[in-house]
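Data block below; observations after.
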Amino acid sequence: MKVYADNAATTKMSRKSIEAMLPYMEKEYGNPSSLYRLGQQAAEALDEARETIARNLGCTPAEITFTSGGSESDNQALLSAAAIGERKGRKHIISTAFEHHAVLHMLKKLEKRGFEVTYLDVHENGIVSPGQVEAAIRPDTCLVTVMYANNEIGTIQPVGQIGAVCRTHGVIFHTDAVQAVGHLPINVQEENIDMLSLSAHKFHGPKGIGALYAKKGIPLTSLIEGGAQERGKRAGTENVPAIMGMAAAFDEISARMEENSRKISRLRDQLIDGLLAIPHSVLNGDRDRRLPGNVNICFEGIEGESLLLLLDEKGISASSGSACTSGSLDPSHVLLAIGRPHEIAHGSLRLSLCETNTEEEIKYLLREIPEVVEYLRSLSPVWRDLQEGKKDYVIQ
Amino acid sequence: MKVYADNAATTKMSRKSIEAMLPYMEKEYGNPSSLYRLGQQAAEALDEARETIARNLGCTPAEITFTSGGSESDNQALLSAAAIGERKGRKHIISTAFEHHAVLHMLKKLEKRGFEVTYLDVHENGIVSPGQVEAAIRPDTCLVTVMYANNEIGTIQPVGQIGAVCRTHGVIFHTDAVQAVGHLPINVQEENIDMLSLSAHKFHGPKGIGALYAKKGIPLTSLIEGGAQERGKRAGTENVPAIMGMAAAFDEISARMEENSRKISRLRDQLIDGLLAIPHSVLNGDRDRRLPGNVNICFEGIEGESLLLLLDEKGISASSGSACTSGSLDPSHVLLAIGRPHEIAHGSLRLSLCETNTEEEIKYLLREIPEVVEYLRSLSPVWRDLQEGKKDYVIQ
Amino acid sequence: MLYSKKVMDHFTHPRNVGVIENPDGVGEVGNAKCGDIMRIYLKIDHDTISDVKFETFGCGSAIASSSMATEMIKGKPLSEALELTNKAVAEALDGLPAHKMHCSVLAEEAIKAAIQNYYEKNGIAYDAGQFPDCESCSHCASCDKSGN
Ligand SMILES: Cc1ncc(COP(=O)(O)O)c(C=O)c1O
Ligand SMILES: Cc1ncc(COP(=O)(O)O)c(C=O)c1O
Ligand code: FES
Ligand code: FES
């Protein structure tokens, strides 16, 4: 059996999305900046796609800028807010300790440029509170950037309330919604979101395409300079096929969001319950306020990479916050941020489901994973020490 | 009849390129950073694509970084060379007056950061000489950036000789080869090129994907921060399908380059000869040292946009250096750079051919274009004044 | 693929896994904090390794390196086992990715530590220079070398 359970890493493109792309590759291949029909048709298609994205986010088309993906959107959002802050002499930013690297590395860069960043604690449950944000706001705060849902542990932040706090204090609020878009209902206006990043390949759209929403009145700084595409805010010939694919995928997934969510959450809960039956295992992130498809569990005494490799042998595609998978030596900053000690953080497993996963697959996962965990524990000197009472369990 | 003659703006994707993409959309959709098979297969495909690109440029795979297109490649190349220059206290850059905006706008940005830029004259023929470059090099020069072939007038620069000059003086040499790759034989090693930008959609590959070649030892500065993709030099989930499409298109066009070049040049020359038979018309850019597919002609007394619109009515897709098409009011900086006065620069027509254009299409163009020019002249007060001797012709 | 066929073979079917009751030497290196611990048990007869077992907490490469290294020293005189290098282990595995080479270093060091333990337990004189000390271990930046 083959089970793809790494939908947070990337997803399979939907048929509809592919079919939305194809005509723009071979027939309607015109450059939207061109005057002639072939170009103008592409330009019109682009407008339609922009409307689709806007409609699904609850904003206007002019507030959407197409980018090459989530990382670029995050980078441009932060760069733009920082430029605005700089002009006003406000150089303080509020974020969290467990943002995606596209945000964190950009924040590091801004720190070098003289910005001060407050990284809010996300607690053991992986959630920041609006109160924390409010308490951290200073007169010189120019930006609050808090992700909508975490990519590793799936916890959903109280974005609407954080947005309200930011609005009250006149601070720009950006949210990296790469993991949330298509999976949670989002309305940027109702939630007082000023900027939002999304990436199509996380919801069955194409790779290499994303969007940045920026509320009217928030000037964007170009990350990529050149031609006047995207109202001068993002140079480069527009990736029309991918944009069409993104719009189609967004429409498709939005139409079924509730239904998908119900189905996926049920599978997720079965999986969580089943895996937590493994002794000395613990769920990472709040049990309820989490993405419909996210399961993230630490197993004491084993290491993540070897777990993944053995699962792969069984046809299961999953991921881990283990350092060994990434080639760096520190385990996931997300797991450390929620207070997991290093030795436990190494033994994490993330399974992320989508609407095409089935009950049979969950059964298969629940048969294979406990076996593999047990096998790896049988090889593990750490597990032996724990069993023999030479060390204390971290996870009871 | 429909004639697409704007291949310098973008091209139709080839079947091979599309077919190279499809499997990576629906089947091999894994994230190359993932450990499991589906991810590792994508990683291997990426390696192969990198080898293909490298082989066709004469460099090693490790010297290739994938980007979202020509603009991003240009931006990153300039940013990287500037960072190296800054570290060495060398803040002088040499370029030309007719680079693409992706280079020019980045240079403007660097000027604001304290860099000094020398813009070399490109003469009436649209070609800089290696001697000009050499004469402009100073002890504090950190970068020479000269495009391989111009996107509007198609003139080919003596890149190999410029590369040799730069190598002698220890200055980094970048070339924007977006218009040249796939159309001219390029070998970065033989031509002493240190950095090169390319974009797939200019040679029948997908939009939204490109590459930056940077010679071993030249550290790149990230434009997009985040994950460790592309050896930490370009964050964002790799656009595997588009990368595969780019590699396939590059291989395909390289294999037929000579044959294509012969065929296209012949069509181009017929077109140039035929159009220059129109009175008071002039070819822009050197007649011989130009891209196989490029025709760029100014017609006195008419305005480009109206020309394009009427040609579109006849099924002809073409472009103009005219400002109106781009929404700005200034005529093409390229035409101004080769010394065309404003009134003439407004009346330009660019036709850019590819290997699928036919002799019949050329005949059609040569029947329709003169008619349209004549018609527009019949409406033009400028033309009347010229005819009546109230003004002097700029083009004899 | 990240790993060679050989690595995957040793990873999925590790040789010499387990413990030896009343071993003549035990060596443990690494640190759970850093994500890898390797423990080697030796049975020694007349300066020859008559049996060897390992336990490893670590990645695929760490487990495969342990397995391969134990195979390479089983039945060998101690002098030969002491000469086993991590490079030899990696080569025997048909190579390891660059960022995984340190896992093979752990295997080499675990064996040395087990032999050192044997010498010490039996009061056999040895050249300390042949053995790595914990202080010189630098495979992880964040390690406090406290051993836990
Ligand atoms: C010479 C040149 N450089 C750069 C670019 C930018 O490439 P892209 O639109 O793929 O970003 C183009 C084409 O638009 C070009 O012709
Ligand atoms: C939360 C989050 N932000 C940003 C990104 C970056 O998106 P992309 O890889 O499309 O650039 C990702 C996914 O990789 C993500 O999960
Ligand atoms: S085990 Fe971490 S430095 Fe040695
Ligand atoms: S044990 Fe961590 S990389 Fe090998």
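Lettering and numbering for the structure tokens are positional, with chains as A, B, ... in the shown order, residues counted from 1 in each chain, and ligands counted from 1 in the shown order.
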
Within 12 Å of chain B, which residues of chain C are there when counting only C-alpha atoms? Please give them as an mmCIF file with N, CA, C and O atoms, in the first residue's frame.
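File out28.cif, as written:
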```cif
data_model
loop_
_atom_site.group_PDB
_atom_site.id
_atom_site.type_symbol
_atom_site.label_atom_id
_atom_site.label_comp_id
_atom_site.auth_asym_id
_atom_site.auth_seq_id
_atom_site.Cartn_x
_atom_site.Cartn_y
_atom_site.Cartn_z
ATOM 1 N N MET C 1 18.716 8.883 -4.978
ATOM 2 C CA MET C 1 18.430 8.499 -3.592
ATOM 3 C C MET C 1 19.482 9.064 -2.642
ATOM 4 O O MET C 1 20.656 9.159 -2.996
ATOM 5 N N LEU C 2 19.036 9.353 -1.456
ATOM 6 C CA LEU C 2 19.939 9.898 -0.455
ATOM 7 C C LEU C 2 21.034 8.883 -0.143
ATOM 8 O O LEU C 2 22.210 9.219 -0.046
ATOM 9 N N TYR C 3 20.647 7.625 0.019
ATOM 10 C CA TYR C 3 21.576 6.584 0.440
ATOM 11 C C TYR C 3 21.793 5.530 -0.631
ATOM 12 O O TYR C 3 20.886 5.221 -1.402
ATOM 13 N N CYS C 59 20.172 8.225 12.876
ATOM 14 C CA CYS C 59 19.582 8.212 11.542
ATOM 15 C C CYS C 59 19.938 6.941 10.798
ATOM 16 O O CYS C 59 20.682 6.090 11.288
ATOM 17 N N GLY C 60 19.454 6.841 9.583
ATOM 18 C CA GLY C 60 19.722 5.680 8.750
ATOM 19 C C GLY C 60 21.212 5.455 8.580
ATOM 20 O O GLY C 60 21.701 4.313 8.653
#
```

Item to complete: Please identify all polymer residues within 6 Å of Ile49 of chain C, counting only C-alpha atoms, omitting same-chain residues fewer than 6 positions from it, and present them as JSON, numbers by chain.
Response: {"C": [43, 74, 75, 76]}

Keeping only all heavy atoms, write those residues as a PDB file, in the first residue's frame.
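As written to disk, part-v1.pdb reads:
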```pdb
ATOM      1  N   LYS C  43      33.000  -8.921  22.763  1.00  0.00           N
ATOM      2  CA  LYS C  43      33.460 -10.145  23.436  1.00  0.00           C
ATOM      3  C   LYS C  43      34.859 -10.374  22.874  1.00  0.00           C
ATOM      4  O   LYS C  43      35.048 -10.383  21.647  1.00  0.00           O
ATOM      5  CB  LYS C  43      32.509 -11.301  23.041  1.00  0.00           C
ATOM      6  CG  LYS C  43      32.561 -12.446  24.017  1.00  0.00           C
ATOM      7  CD  LYS C  43      31.681 -12.155  25.235  1.00  0.00           C
ATOM      8  CE  LYS C  43      32.049 -13.129  26.363  1.00  0.00           C
ATOM      9  NZ  LYS C  43      31.633 -12.617  27.696  1.00  0.00           N
ATOM     10  N   LYS C  74      34.386  -7.901  13.282  1.00  0.00           N
ATOM     11  CA  LYS C  74      34.075  -9.193  13.891  1.00  0.00           C
ATOM     12  C   LYS C  74      35.113 -10.234  13.462  1.00  0.00           C
ATOM     13  O   LYS C  74      35.414 -10.384  12.272  1.00  0.00           O
ATOM     14  CB  LYS C  74      32.672  -9.645  13.446  1.00  0.00           C
ATOM     15  CG  LYS C  74      32.090 -10.725  14.325  1.00  0.00           C
ATOM     16  CD  LYS C  74      30.613 -10.893  14.039  1.00  0.00           C
ATOM     17  CE  LYS C  74      30.014 -12.019  14.838  1.00  0.00           C
ATOM     18  NZ  LYS C  74      28.556 -12.072  14.647  1.00  0.00           N
ATOM     19  N   GLY C  75      35.687 -10.930  14.470  1.00  0.00           N
ATOM     20  CA  GLY C  75      36.693 -11.951  14.174  1.00  0.00           C
ATOM     21  C   GLY C  75      38.077 -11.380  13.935  1.00  0.00           C
ATOM     22  O   GLY C  75      39.013 -12.116  13.620  1.00  0.00           O
ATOM     23  N   LYS C  76      38.216 -10.074  14.082  1.00  0.00           N
ATOM     24  CA  LYS C  76      39.506  -9.440  13.800  1.00  0.00           C
ATOM     25  C   LYS C  76      40.272  -9.188  15.099  1.00  0.00           C
ATOM     26  O   LYS C  76      39.678  -8.981  16.157  1.00  0.00           O
ATOM     27  CB  LYS C  76      39.286  -8.090  13.095  1.00  0.00           C
ATOM     28  CG  LYS C  76      38.627  -8.195  11.735  1.00  0.00           C
ATOM     29  CD  LYS C  76      39.629  -8.570  10.648  1.00  0.00           C
ATOM     30  CE  LYS C  76      38.951  -9.154   9.421  1.00  0.00           C
ATOM     31  NZ  LYS C  76      37.977  -8.272   8.805  1.00  0.00           N
TER      32      LYS C  76
END
```

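Using only C-alpha atoms for every distance, the candidate list A:Ile153, A:Leu283, A:Val117, A:Val394 yields A:Ile153 as the residue closest to Gln179 of chain A.
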
Item to complete: Write out as a PyMOL selection string which residues come within 7 Å of segment 100-116 of chain B when counting only C-alpha atoms, dropping same-chain ones fewer than 6 positions away.
Response: (chain A and resi 225-227) or (chain B and resi 71+74-75+91-93)

Resulting file, chosen residues, N, CA and C atoms, as a PDB file, in the first residue's frame:
```
ATOM      1  N   GLU A 225      13.225  43.491  -9.225  1.00  0.00           N
ATOM      2  CA  GLU A 225      13.103  44.730  -9.990  1.00  0.00           C
ATOM      3  C   GLU A 225      13.159  44.446 -11.483  1.00  0.00           C
ATOM      4  N   GLY A 226      12.532  45.289 -12.273  1.00  0.00           N
ATOM      5  CA  GLY A 226      12.612  45.121 -13.717  1.00  0.00           C
ATOM      6  C   GLY A 226      11.395  45.705 -14.392  1.00  0.00           C
ATOM      7  N   GLY A 227      10.713  44.884 -15.167  1.00  0.00           N
ATOM      8  CA  GLY A 227       9.548  45.335 -15.910  1.00  0.00           C
ATOM      9  C   GLY A 227       8.418  45.800 -15.001  1.00  0.00           C
TER      10      GLY A 227
ATOM     11  N   SER B  71      14.315  37.879 -14.798  1.00  0.00           N
ATOM     12  CA  SER B  71      14.405  39.068 -13.942  1.00  0.00           C
ATOM     13  C   SER B  71      15.036  38.718 -12.606  1.00  0.00           C
ATOM     14  N   ASP B  74      18.773  38.096 -13.049  1.00  0.00           N
ATOM     15  CA  ASP B  74      19.500  39.358 -13.190  1.00  0.00           C
ATOM     16  C   ASP B  74      19.647  40.054 -11.837  1.00  0.00           C
ATOM     17  N   ASN B  75      18.544  40.130 -11.112  1.00  0.00           N
ATOM     18  CA  ASN B  75      18.570  40.787  -9.797  1.00  0.00           C
ATOM     19  C   ASN B  75      19.572  40.121  -8.877  1.00  0.00           C
ATOM     20  N   LYS B  91      33.200  49.727  -5.508  1.00  0.00           N
ATOM     21  CA  LYS B  91      31.792  50.056  -5.736  1.00  0.00           C
ATOM     22  C   LYS B  91      31.543  50.730  -7.083  1.00  0.00           C
ATOM     23  N   HIS B  92      32.256  50.249  -8.083  1.00  0.00           N
ATOM     24  CA  HIS B  92      32.027  50.767  -9.435  1.00  0.00           C
ATOM     25  C   HIS B  92      31.577  49.632 -10.345  1.00  0.00           C
ATOM     26  N   ILE B  93      30.546  49.904 -11.126  1.00  0.00           N
ATOM     27  CA  ILE B  93      29.979  48.902 -12.027  1.00  0.00           C
ATOM     28  C   ILE B  93      29.957  49.449 -13.445  1.00  0.00           C
TER      29      ILE B  93
END
```

Practice prompt. With only C-alpha atoms and all ligand atoms counted, collect every polymer residue having an atom within 8 Å of ligand 2; state the result as a ChimeraX atom specification.
Written response: /A:8-10,68-74,99-103,147-152,176-179,197-202,207-210 /B:226-227,235-238

Item to complete: Using only C-alpha atoms, determine which residues lie at most 7 Å from segment 14-26 of chain C, disregarding the query and same-chain residues fewer than 2 positions distant; provide the list as a list in words.
Response: Leu379 of chain A; His10, Phe11, Thr12, Glu28, Ile40, Tyr41, Leu42, Lys43, Ile44, Val52, Lys53, Phe54, Glu55, Ala64, Ser67, Thr70, Ala114, Ile115, Asn117 and Tyr118 of chain C

Worksheet item: Could you pull out the alpha helix (DSSP H) residues of chain C from DSSP and send them as a ChimeraX atom specification?
Response: /C:5-12,60-73,78-82,86-92,101-121

Worksheet item: Could you pull the residues within 10 Å of segment 136-138 of chain A, counting only C-alpha atoms, minus those fewer than 2 positions along the same chain, as a ChimeraX atom specification?
Response: /A:90,92-95,118-120,130-134,140-144,165-166,169,171

Item to complete: Would you list, as number ranges by chain, the residues of segment 33-165 of chain B that end up in strand (DSSP E) under DSSP run on this structure's backbone?
Response: B: 64-67, 92-96, 116-120, 141-145

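Take the candidates A:Tyr393, A:Tyr4, A:Tyr29, A:Phe173 and check each one against chain B using only C-alpha atoms; the shortest distance goes to A:Tyr29.
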
Fill in: Nearest-residue call for chain B, choices A:Gly301, A:Gly293, A:Pro139, A:Gly232, using only C-alpha atoms
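Once distances to chain B are computed over only C-alpha atoms, the minimum belongs to A:Gly232.
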
Practice prompt. Counting only C-alpha atoms and all ligand atoms, figure out which residue out of C:Met8, C:Val89, C:Leu96, C:Val105 gets nearest to ligand 3.
Written response: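 Going through C:Met8, C:Val89, C:Leu96, C:Val105 one by one, the smallest distance to ligand 3 is for C:Val105.
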
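Interatomic distance, atom CA of Gln396 of chain B to atom CA of His280 of chain B: 5.5 Å.
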
Fill in: Which residue of A:Asn239, A:Ser80, A:Asn56, A:Asn260 approaches chain B most closely, using only C-alpha atoms
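Using only C-alpha atoms, the shortest distance to chain B belongs to A:Asn239.
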
Discussion item. Excluding Ala32 of chain C and its own-chain neighbours fewer than 5 positions away, which residues fall within 10 Å of it when counting only C-alpha atoms? Please give them as a list in words.
Written reply: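 Returned residues: Gly301, Ile302, Glu303, His342, Glu343, Ile344, His346, Pro381 and Val382 of chain A; Ile37, Met38, Phe57, Gly58, Cys143, Gly147 and Asn148 of chain C.
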
Discussion item. Between atom CA of Arg290 of chain A and atom CA of Gly126 of chain A, what is the distance in Å, rounded to a tenth?
Written reply: 9.4 Å
